[in-house]
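One structure is given here, and the rest of the page talks about it.
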Amino acid sequence: MALLALILVPLLFAGYVALRPEREAKSIALWGTLGALGISAWTLFDFDWGQSGVFQYAESFSWVDAIGLRLSVGADSVSLMLIALTAFLGPVCVLCSRTAITHRQRTFYAWLLVLQAAMTGVFAARDLVLFYVCFEFTLIPMWVLINLYGSTNRKKAATKFFLYTFTGSLIALAGLVYVVWFKWSVSQQWTFDLYELQRTAARMSSAEQAWVLLALLAGFAVKVPLFPVHTWLPLAHTEAPTAGSVILAGVLLKLGTYGIFRFALPFCPLAIGEYAPLIAGLSIVGIVYAGLVCWVQTDVKKLVAYSSVAHLGFCVLGMVALNDTGITGSILYMINHGLSTGALFVLIGMIYERYHTRSMDELGGLAARMPVWSSFMVFFTMASVGLPGLNGFVSEFLCLLGAFQASHEWAGTPGGTPGRLGFVYAAVAGTGMIVAAIYLLYMVGRVVFGPLVEPHGHGNGSGHGHGNGAAHGNGDAAALPRDLNWREIGTLLPLAIACVGLGVYPSPVIQGLRGPVATTVAVTKEGAAYKPPARADAKPPEVSR
Amino acid sequence: MILGAASIAEKIPFLWPEIAAFLATCVVMVVGLSPNLGTRRLCAPIAGLGLVAAGVLAAFTTPEGTGPLPFLMPFAKVVLCGVGLVLLLLASGVVDRDEEAVIAAGKATFNPLRTNRAEFYAFFLFSLTGLMLCASADDLIWLFLALELTSLPTYIMVTMSRTGRDGARSCEAGVKYFFLGALGAAMFLYGFALLYGGTGTTSLRGIERAFVSQSGSGGINSIAMVGMLLSIVGVGFKIAAVPMHLYTPDVYEGSASPVAAFLAFVPKTAGFLAIILLVSTMGWTFARDGSAAGGHSLPQLVLLTLWVMAALTMTVGNVLALLQKSVRRILAYSSIAHSGYMLVGVIAGPGDGTSITRNGIAAVLFYLLCYGLMNVGAFAVLACLDRKAGDDSPELETVDDLRGLCSSHPVLGWTMVVCALGLMGFPPLLGFFAKVPLFTSAIAAGEIPLVIVLGLNSAIAAFYYLQLVAAPMLEAPDTTVRTEPTGHAARPMAALISAASVVGVAVASGPLMEAGAKAGGKPVAKKPAEQPKRPPSGPSGH
């Protein structure tokens, strides 16, 4: 029941928020997210880590029997960790919106909670249609959050976000349905069950697999986002409210990589093996290109948004290495990126609340004014750059190592796995790390250190409050102290602790991921090694129809 | 070939629902002539009772049919009685609205000569009766008469749906609708004549047999083939398919919202039933021998025509809808697009006929129900509100008029949001569950390019439906346009029912889908195919 509770608790609290008066909204939402966090923490302890590759807490109810649709949930350790990440970011989002959101609070918090339920549902779903329903349903809350609470260009951003993702996922749906139909044509069994489908999907011919992979990538690559289809992301991120950006970077982007892990790898092993160089190439282009774009940004938030494109490039690169190291690194990257980039967006939101600008031309040397904020900023930037000892390093290293090892040249050596990537891919992606260090440090150098620059109207403040807060109708924000208050420190501190923890001692998590990763790698290998003869047996009934 | 000569008396068991509806029509016409206003007000309740009776009769008395889809009748008739009831609620006050306002204000007394309540409700029921007859049709003549009985009353309903200054617009709409409708009818009547010429019979069963024997000996008669194509294109008028779609936006915009909702459901359903029946004569394997082989064996030419119609209809509807400002024009173009989606199901055919996931016909039947409900909800919101400050029209026109509806009129606003999301096909609402069987059946039939066209079109559609979601939910209320309820209590009820079903039916769509699967499926129990030439069931087989 734990998984269902994790979906239902935010939903129930969302309903409660909608019914109660406006001023109670934030505290109800906080309790709701804390409740989910509690349940999620309990599952982390209760989970049988010895069998981390098995779907646990499984529940299955019949829903629409006519089309074989069941309401079935279950979590292996990958799902569980991503659910934990979602639950962990929930209270962070509520806390960081406390003063930033001043109008239509009920709408905001209710949709925020619905969003959390939908995201949890995506990770918990074991039924293809349930997955799709939740995957799509994340769009509406996010669309509302950007459309109502974003900055100037919010409507365009929200619409672009919605249409990009909706279009992609419709095509992905066609791919998923094809897999279901294939299963039926082979075994006369119509089911949307993930596990059942995994067992037959790999028998598709390589051409079929290529098309299905293309369809799935249409949905998932947009979400990630991979290089040519990333253009919605900077806009959506820049315009979204802080909590929206945190969720977007922290969890929503991971729906794409999670989809690749859960569906693309086991469903089309042949095709993914064949096209791994292409996908990896796109990831690397994304890494380098987004890094260079970051370099020339003056808007801090846009810079962090583009850095997400680069970071998720590493994530996909590790995934298509198709070996234990790469996939483990990739999943770890999902969690780490959620923590560090989420925190960076929270930090930028805090600055925006105080100065109403995010332009690097107007901000500089803030270490003098806001030492606490600056310390956090430097810390999370380092985590994002991949400083050894912090979380980013571990996953980035594993992704690169995975890509490096995934080469036929290394197949015989210890740790080497057959694959079609190799040294060149890892080396070019490695330059992305250097670029990342350049642009992030450049940003920190300008904003945190150097001569003090503040927007007009803020420079002569006495250290408390600022001039034009009231002009934005932002009563609470005007009361903010110059540096962070305890609520804001409380928002950031858990994230910082998690970053250090995962950086210094990541092995429990890596151990925990071993089960599902091994399963997926085995399924992928088995599928790739599948020989046509049996395929010939499976084919005739299909032709005769 | 004796099938066509079966006497009417043998068909009566199929016709109890129609008879009930027809009796109710007669009562409505008489009651509606009463000189007493109170008695006249009984028209709508009597019509409702008639529909309930027809629905109950259809559910419990209909025997297995003799057509290619023997279980089609009960499902189709129950569905259209149900949606018909919601439409009836919505139609309250379409006629006599100005009259009653004047009477209520005490400026005039009731004048029996100046109202046309009787006609409106009688035509309403006539049209629905025609629609039910379409479902029962097993003969070309019958099919033609049923289609015309469905359409003729709607021409008049459109014309009389508005009065006063708007009367001119509804007259214009009515005339356009009538002339183009006559063109369509002429086309499919000509097509029917050629079908008769090419096969020598008007019975659908007989035509099917003729096609079987013709394709056994050198291919289908070219006269019959031309007839089939003409019939399909002509019936395309009823479902607003390209190239017969041109009237749709003007007519929907010109008529009152409740009537527009009626047009979007009733003639469209009739058209789809007719297309399904016509195409079925060209051969879906199971209909002939009851075997599980399934799949469609439509001639390439028919398939190509349907394919082009479907792809064009979806694309034209959606792309043109993007350009619209008026909500009713948006809904009109979306109605065109939805016809295109449903044609995909017709192309997919019934497959092996066992499950809705692989039976395109069942998917279409289920989709018709879902589309009817969602569409009624969207039109109901428009019908429930009057615009006060407007100079042009008392009804809401543009998307901007919907701004802030969720805060000013929560029930109507959220109805609009839910119905627009449903029409978009957003999970987990009704439209999504309607679209999944279309997707699956088309993939199972191997129509993958069409599925991609369908997917891309759904994505285009998202853009304009999103406006209909954003305006009520996110925008601030427009202070220059004051909207207020029209004062017909039944209309918000219709809105509420459809909104509730867009959410509720979606969650519990299983039984309805199974009913749809049965309706679009083959007679499972009567599988033995020892006498493949002889229909396994039906009293008219002698």
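Simple scheme: letters A, B, ... for chains in structure tokens order, numbers from 1 for residues in each chain, numbers from 1 for ligands in the order shown.
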
Exercise: range 16-32 of chain B partners within 6 Å, only C-alpha atoms, chain neighbours under 6 positions left out, as a compact mmCIF listing (two decimals) with N, CA and C atoms, in the first residue's frame:
```txt
# COMPACT_ATOMS: atom_id res chain seq x y z
N ARG B 40 -48.71 23.02 -22.84
CA ARG B 40 -47.65 23.03 -23.85
C ARG B 40 -46.29 22.76 -23.23
N CYS B 43 -44.43 19.36 -23.42
CA CYS B 43 -43.78 18.79 -24.60
C CYS B 43 -42.44 18.15 -24.27
N GLY B 50 -40.54 9.57 -23.85
CA GLY B 50 -40.46 8.76 -25.06
C GLY B 50 -39.08 8.20 -25.26
N ALA B 54 -37.94 4.39 -25.28
CA ALA B 54 -37.24 3.81 -26.43
C ALA B 54 -35.95 3.14 -26.00
N LEU B 57 -36.69 -0.12 -24.18
CA LEU B 57 -37.11 -1.14 -25.15
C LEU B 57 -35.92 -1.64 -25.96
N ALA B 58 -35.06 -0.69 -26.36
CA ALA B 58 -33.91 -1.10 -27.17
C ALA B 58 -33.00 -2.02 -26.38
N ALA B 118 -44.20 22.83 -30.19
CA ALA B 118 -44.58 21.49 -30.63
C ALA B 118 -43.69 21.04 -31.78
N ALA B 122 -41.09 17.91 -31.70
CA ALA B 122 -41.46 16.82 -32.61
C ALA B 122 -40.33 16.55 -33.58
N LEU B 125 -37.55 14.68 -31.92
CA LEU B 125 -37.80 13.24 -31.80
C LEU B 125 -37.76 12.55 -33.15
N THR B 129 -35.56 9.42 -34.10
CA THR B 129 -36.17 8.20 -34.62
C THR B 129 -35.47 7.75 -35.89
```

- request: Do a neighbour search on Pro21 in chain A at 10 Å with only C-alpha atoms, toss out local chain neighbours closer than 4 positions, and write the hits as a list in words.
  value: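 Close residues of Pro21 in chain A: Tyr16, Val17, Ala25, Gln105 and Arg106 of chain A.
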
Take the selection from the previous step and output its residues with N, CA, C and O atoms, as a JSON list (two decimals), in the first residue's frame.
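Result file follows (selection00.json):
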```json
[["chain", "number", "residue", "atom", "x", "y", "z"],
["A", 16, "TYR", "N", -7.80, 18.95, -0.16],
["A", 16, "TYR", "CA", -8.00, 19.68, 1.08],
["A", 16, "TYR", "C", -7.58, 21.14, 0.92],
["A", 16, "TYR", "O", -8.27, 22.06, 1.37],
["A", 17, "VAL", "N", -6.46, 21.36, 0.24],
["A", 17, "VAL", "CA", -6.00, 22.73, -0.01],
["A", 17, "VAL", "C", -7.08, 23.50, -0.76],
["A", 17, "VAL", "O", -7.39, 24.65, -0.43],
["A", 25, "ALA", "N", -3.29, 27.56, 2.84],
["A", 25, "ALA", "CA", -2.84, 26.68, 1.77],
["A", 25, "ALA", "C", -1.42, 26.20, 1.98],
["A", 25, "ALA", "O", -1.12, 25.02, 1.88],
["A", 105, "GLN", "N", -2.93, 31.40, -4.05],
["A", 105, "GLN", "CA", -2.09, 30.39, -3.41],
["A", 105, "GLN", "C", -2.72, 29.01, -3.42],
["A", 105, "GLN", "O", -2.04, 28.01, -3.57],
["A", 106, "ARG", "N", -4.04, 28.99, -3.26],
["A", 106, "ARG", "CA", -4.68, 27.66, -3.24],
["A", 106, "ARG", "C", -4.44, 26.93, -4.54],
["A", 106, "ARG", "O", -4.08, 25.76, -4.57]]
```

field: Proximal residues of chain B relative to chain A (only C-alpha atoms; 8 Å) as a ChimeraX atom specification
entry: /B:293-295,355-357,426-428,437,439-440,443-444,451-452,455-456,458-460,462-463,474,507-511,513-514

Take the residues from that selection and write them out as a short mmCIF file (atom, residue, chain, number, x, y, z; two decimals), in the first residue's frame, keeping C-alpha atoms.
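That gives us result-v5.cif:
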```
data_model
loop_
_atom_site.label_atom_id
_atom_site.label_comp_id
_atom_site.auth_asym_id
_atom_site.auth_seq_id
_atom_site.Cartn_x
_atom_site.Cartn_y
_atom_site.Cartn_z
CA ALA B 293 -9.49 -14.99 -39.46
CA GLY B 294 -10.64 -11.40 -39.23
CA GLY B 295 -9.00 -8.47 -40.94
CA SER B 355 -12.02 -7.27 -28.38
CA ILE B 356 -12.41 -3.54 -28.67
CA THR B 357 -8.65 -3.23 -28.73
CA PHE B 426 -5.95 14.03 -22.39
CA PRO B 427 -5.56 11.12 -20.00
CA PRO B 428 -7.29 10.00 -17.86
CA PRO B 437 -9.00 1.61 -28.99
CA PHE B 439 -4.94 3.58 -31.84
CA THR B 440 -4.75 -0.09 -31.00
CA ILE B 443 -2.08 -0.63 -35.34
CA ALA B 444 -3.51 -4.14 -35.27
CA VAL B 451 -1.81 6.13 -36.68
CA ILE B 452 1.01 8.61 -37.04
CA GLY B 455 -1.12 11.17 -33.38
CA LEU B 456 0.18 14.31 -35.03
CA SER B 458 -4.12 15.05 -31.83
CA ALA B 459 -1.07 17.13 -31.07
CA ILE B 460 -2.18 19.96 -33.36
CA ALA B 462 -4.01 20.25 -28.34
CA PHE B 463 -3.11 23.78 -29.29
CA LEU B 474 -6.25 30.80 -15.84
CA VAL B 507 -12.90 5.83 -14.80
CA ALA B 508 -15.49 3.12 -15.34
CA SER B 509 -15.36 2.80 -19.10
CA GLY B 510 -14.83 -0.95 -19.02
CA PRO B 511 -18.45 -2.13 -19.24
CA MET B 513 -16.29 -0.65 -23.95
CA GLU B 514 -17.30 -4.25 -23.61
#
```

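The gap separating CA of Phe108 in chain A from CA of Ile39 in chain A is 23.2 Å, in Å to one decimal.
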
query: So how far away is CA of Val394 in chain A from CA of Cys294 in chain A, in Å?
result: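 Between CA of Cys294 in chain A and CA of Val394 in chain A the gap is 22.7 Å.
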
- request: May I have the residues within 7 Å of Gly326 in chain A as a list in words, using only C-alpha atoms and disregarding those fewer than 2 positions away in the same chain?
  value: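 Residues near the query, excluding close chain neighbours: Gly318, Met319, Ala321, Leu322, Asn323, Asp324, Thr328, Gly329, Ser330, Leu398, Cys399, Leu401, Gly402 and Ala403 of chain A.
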
task: Could you check which of A:Cys93, A:Leu265, A:Ala87, A:Leu80 is closest to Gly527 in chain A, using only C-alpha atoms?
output: A:Leu265

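Across the structure, CA of Ala53 in chain B and CA of Ala489 in chain B are spaced 23.5 Å apart.
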
task: Find the residues around range 247-253 of chain A up to 8 Å (only C-alpha atoms counted), leave out those fewer than 6 positions away in its own chain, and share them as a ChimeraX atom specification.
output: /A:82,85-86,89,93,119,138,223-225,237,305,308,335,337-339,341-342

Go ahead and write the residues just picked, N, CA and C atoms, as an mmCIF file, in the first residue's frame.
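Output file part_20.cif is given in full below:
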```cif
data_model
loop_
_atom_site.group_PDB
_atom_site.id
_atom_site.type_symbol
_atom_site.label_atom_id
_atom_site.label_comp_id
_atom_site.auth_asym_id
_atom_site.auth_seq_id
_atom_site.Cartn_x
_atom_site.Cartn_y
_atom_site.Cartn_z
ATOM 1 N N LEU A 82 13.846 7.253 -7.192
ATOM 2 C CA LEU A 82 13.310 8.438 -7.862
ATOM 3 C C LEU A 82 12.057 8.941 -7.158
ATOM 4 N N LEU A 85 13.336 10.859 -4.348
ATOM 5 C CA LEU A 85 13.772 12.185 -4.800
ATOM 6 C C LEU A 85 12.574 13.120 -4.943
ATOM 7 N N THR A 86 11.501 12.599 -5.547
ATOM 8 C CA THR A 86 10.288 13.407 -5.708
ATOM 9 C C THR A 86 9.756 13.863 -4.360
ATOM 10 N N LEU A 89 11.981 16.521 -2.756
ATOM 11 C CA LEU A 89 11.887 17.867 -3.316
ATOM 12 C C LEU A 89 10.533 18.528 -3.019
ATOM 13 N N CYS A 93 10.016 22.518 -2.419
ATOM 14 C CA CYS A 93 9.239 23.399 -3.301
ATOM 15 C C CYS A 93 8.243 24.232 -2.516
ATOM 16 N N MET A 119 3.845 12.575 -10.656
ATOM 17 C CA MET A 119 5.228 12.139 -10.872
ATOM 18 C C MET A 119 5.499 10.837 -10.143
ATOM 19 N N THR A 138 1.376 14.973 -15.752
ATOM 20 C CA THR A 138 2.289 15.960 -15.179
ATOM 21 C C THR A 138 2.234 17.276 -15.956
ATOM 22 N N LYS A 223 11.505 15.125 -23.429
ATOM 23 C CA LYS A 223 11.418 15.367 -21.996
ATOM 24 C C LYS A 223 12.802 15.526 -21.385
ATOM 25 N N VAL A 224 13.790 14.815 -21.934
ATOM 26 C CA VAL A 224 15.114 14.773 -21.269
ATOM 27 C C VAL A 224 15.761 16.146 -21.069
ATOM 28 N N PRO A 225 15.947 17.009 -21.990
ATOM 29 C CA PRO A 225 15.766 16.954 -23.422
ATOM 30 C C PRO A 225 17.085 16.703 -24.120
ATOM 31 N N HIS A 237 12.079 26.942 -18.245
ATOM 32 C CA HIS A 237 12.794 27.106 -16.992
ATOM 33 C C HIS A 237 12.884 28.560 -16.585
ATOM 34 N N ALA A 305 19.532 26.649 -16.575
ATOM 35 C CA ALA A 305 18.631 25.855 -17.403
ATOM 36 C C ALA A 305 19.402 25.147 -18.513
ATOM 37 N N SER A 308 21.331 22.266 -17.476
ATOM 38 C CA SER A 308 20.567 21.019 -17.339
ATOM 39 C C SER A 308 20.640 20.213 -18.626
ATOM 40 N N ILE A 335 19.473 11.407 -9.800
ATOM 41 C CA ILE A 335 19.225 11.847 -8.431
ATOM 42 C C ILE A 335 20.090 13.059 -8.109
ATOM 43 N N HIS A 337 21.580 15.258 -10.052
ATOM 44 C CA HIS A 337 21.204 16.467 -10.771
ATOM 45 C C HIS A 337 19.963 17.082 -10.151
ATOM 46 N N GLY A 338 19.029 16.221 -9.748
ATOM 47 C CA GLY A 338 17.835 16.742 -9.091
ATOM 48 C C GLY A 338 18.173 17.528 -7.847
ATOM 49 N N LEU A 339 19.120 17.030 -7.078
ATOM 50 C CA LEU A 339 19.475 17.713 -5.824
ATOM 51 C C LEU A 339 20.223 19.015 -6.097
ATOM 52 N N THR A 341 20.940 20.808 -9.000
ATOM 53 C CA THR A 341 20.331 21.833 -9.843
ATOM 54 C C THR A 341 19.067 22.387 -9.203
ATOM 55 N N GLY A 342 18.314 21.490 -8.543
ATOM 56 C CA GLY A 342 17.159 21.978 -7.794
ATOM 57 C C GLY A 342 17.576 23.060 -6.815
#
```

- request: Quick one: everything within 8 Å of range 359-367 of chain B, counting only C-alpha atoms, minus sequence neighbours fewer than 2 positions away in the same chain. Send it as JSON, numbers by chain.
  value: {"B": [76, 276, 342, 343, 344, 345, 346, 347, 348, 349, 350, 351, 352, 353, 354, 355, 356, 357, 369, 370, 371, 431, 434, 435, 437, 438, 441, 442, 512, 513, 516, 517, 518, 519, 520, 521]}

message: I need the residues of range 30-89 of chain A that end up classed as helix (DSSP H, G or I) by DSSP on the backbone, written out as a ChimeraX atom specification.
response: /A:30-46,49-51,65-67,77-89

message: Report as JSON, numbers by chain all protein, DNA and RNA residues lying within 9 Å of range 222-232 of chain B, evaluated on only C-alpha atoms, omitting residues in the same chain fewer than 2 positions from it.
response: {"B": [184, 185, 187, 188, 189, 190, 191, 192, 193, 194, 195, 196, 197, 198, 199, 211, 219, 220, 234, 235, 236, 274, 275, 278, 279, 282, 301, 302, 305, 306]}

task: Would you please extract all strand (DSSP E or B) residues from range 20-232 of chain A, as assigned by DSSP on the backbone, and give them as a ChimeraX atom specification?
output: /A:56-64,69-75,125,127,193
